[in-house]
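S.K.: This is the content of coords-v5.txt (compact mmCIF, C-alpha atoms):
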```txt
# COMPACT_ATOMS: atom_id res chain seq x y z
CA MET A 63 108.20 110.14 97.67
CA LYS A 64 104.72 111.23 96.76
CA PHE A 65 103.52 112.90 93.57
CA HIS A 66 100.27 114.43 92.34
CA ILE A 67 99.30 113.57 88.75
CA ALA A 68 96.39 115.81 87.72
CA ASP A 69 95.92 114.26 84.25
CA MET A 70 95.48 110.71 85.57
CA THR A 71 91.80 109.94 84.97
CA CYS A 72 91.31 106.18 84.43
CA GLY A 73 92.65 102.70 84.95
CA HIS A 74 94.63 102.90 81.72
CA CYS A 75 96.38 105.99 83.08
CA VAL A 76 97.27 104.12 86.28
CA SER A 77 98.76 101.32 84.19
CA MET A 78 100.77 103.73 82.03
CA VAL A 79 102.12 105.62 85.07
CA THR A 80 103.13 102.34 86.73
CA LYS A 81 104.79 101.02 83.57
CA ALA A 82 106.71 104.26 83.02
CA ILE A 83 108.16 104.20 86.53
CA LEU A 84 109.04 100.49 86.39
CA ALA A 85 110.73 100.97 83.02
CA ALA A 86 113.01 103.57 84.64
CA ASP A 87 113.56 101.62 87.88
CA THR A 88 112.60 97.94 87.87
CA ASP A 89 113.07 97.72 91.65
CA ALA A 90 110.71 100.62 92.43
CA LYS A 91 107.78 100.07 94.75
CA VAL A 92 104.82 101.86 93.17
CA GLU A 93 101.40 102.62 94.65
CA VAL A 94 99.03 104.61 92.45
CA ASN A 95 95.77 106.02 93.84
CA LEU A 96 93.40 107.07 91.05
CA THR A 97 90.88 108.66 93.43
CA ASP A 98 93.51 110.99 94.93
CA LYS A 99 95.48 111.18 91.66
CA THR A 100 98.66 110.37 93.56
CA LEU A 101 101.71 108.19 93.15
CA GLN A 102 103.50 106.92 96.25
CA LEU A 103 106.94 105.70 95.32
CA SER A 104 109.97 104.06 96.85
CA SER A 105 112.76 104.27 94.29
CA ASP A 106 116.38 105.15 93.63
CA LEU A 107 115.14 107.79 91.19
CA SER A 108 115.34 111.42 92.31
CA PRO A 109 112.12 113.47 92.43
CA ALA A 110 113.27 115.35 89.30
CA GLU A 111 113.89 112.06 87.48
CA VAL A 112 110.42 110.79 88.43
CA ILE A 113 108.85 113.99 87.13
CA ASP A 114 110.85 113.70 83.89
CA VAL A 115 109.79 110.05 83.41
CA LEU A 116 106.13 110.82 84.03
CA THR A 117 106.18 113.92 81.80
CA ALA A 118 107.73 111.90 78.98
CA ALA A 119 104.92 109.35 79.41
CA GLY A 120 102.34 112.14 79.09
CA TYR A 121 101.52 112.52 82.78
CA PRO A 122 103.09 115.71 84.18
CA ALA A 123 103.46 115.43 87.95
CA THR A 124 104.33 117.56 90.93
CA GLU A 125 106.02 116.35 94.08
CA VAL A 126 103.93 116.43 97.26
CA LYS A 127 106.25 117.51 100.04
CA ALA A 128 105.78 116.75 103.72
CA ASN A 129 104.73 119.59 105.97
CA CYS A 130 106.45 119.31 109.35
CA CYS A 131 105.48 122.66 110.76
CA ASN A 132 102.77 121.59 113.18
CA PRO A 133 103.19 121.93 116.97
CA ALA A 134 103.62 118.19 117.55
CA ASN A 135 106.39 117.95 114.92
CA THR A 136 104.59 115.14 113.14
CA CYS A 137 104.57 115.21 109.38
CA HIS A 138 101.49 115.22 107.19
CA SER A 139 101.47 115.22 103.42
CA ALA A 140 100.59 118.56 101.95
```
Show me this structure written as structure tokens.
M.R.:
Amino acid sequence: MKFHIADMTCGHCVSMVTKAILAADTDAKVEVNLTDKTLQLSSDLSPAEVIDVLTAAGYPATEVKANCCNPANTCHSA
């Protein structure tokens, strides 16, 4: 799953986002990219649960969904 977090602006934000996810799912694999303001996540949490966790931590997020509508049927993140 991939999420965009518009309000993530610094290293402290990255730490808070990571801690919030790991508090909800200690087995999650979390990759946060501050430059792109994205969270790449492998977790048992649903997208709605991830959004709820991040919103509660003060970082509202939106899911980035794959776009598989190109002629070669290969997916690219939107």
S.K.: Just want the 10 Å neighbourhood of Asp98 of chain A, counted on all atoms listed in the file, with same-chain residues fewer than 2 positions away dropped. Output as a PyMOL selection string.
M.R.: chain A and resi 66-68+70+94-96+100-101
S.K.: Please provide as a ChimeraX atom specification all residues within 10 Å of segment 121-123 of chain A, with the sequence filter that same-chain residues fewer than 3 positions apart are discarded (counting all atoms listed in the file).
M.R.: /A:64-70,75,78-79,82,99-101,109-110,112-118,126
S.K.: Would you work out the distance separating atom CA of Gln102 of chain A from atom CA of Asp87 of chain A, expressed in Å to one decimal?
M.R.: 14.1 Å
S.K.: Between atom CA of His74 of chain A and atom CA of Leu107 of chain A, what is the spacing in Å?
M.R.: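 These atoms are spaced 23.1 Å apart.
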S.K.: Measure the distance from atom CA of Ala86 of chain A to atom CA of Gly73 of chain A in Å and round it to one decimal.
M.R.: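 Atom CA of Gly73 of chain A lies 20.4 Å from atom CA of Ala86 of chain A.
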S.K.: Calculate, to one decimal in Å, the centre and edge lengths of the box along x, y and z of the file that holds all listed atoms of segment 73-91 of chain A with 4 Å of margin on each side, and present them as AutoDock Vina command-line options.
M.R.:
```
--center_x 103.1 --center_y 101.9 --center_z 88.2 --size_x 28.9 --size_y 16.3 --size_z 21.0
```
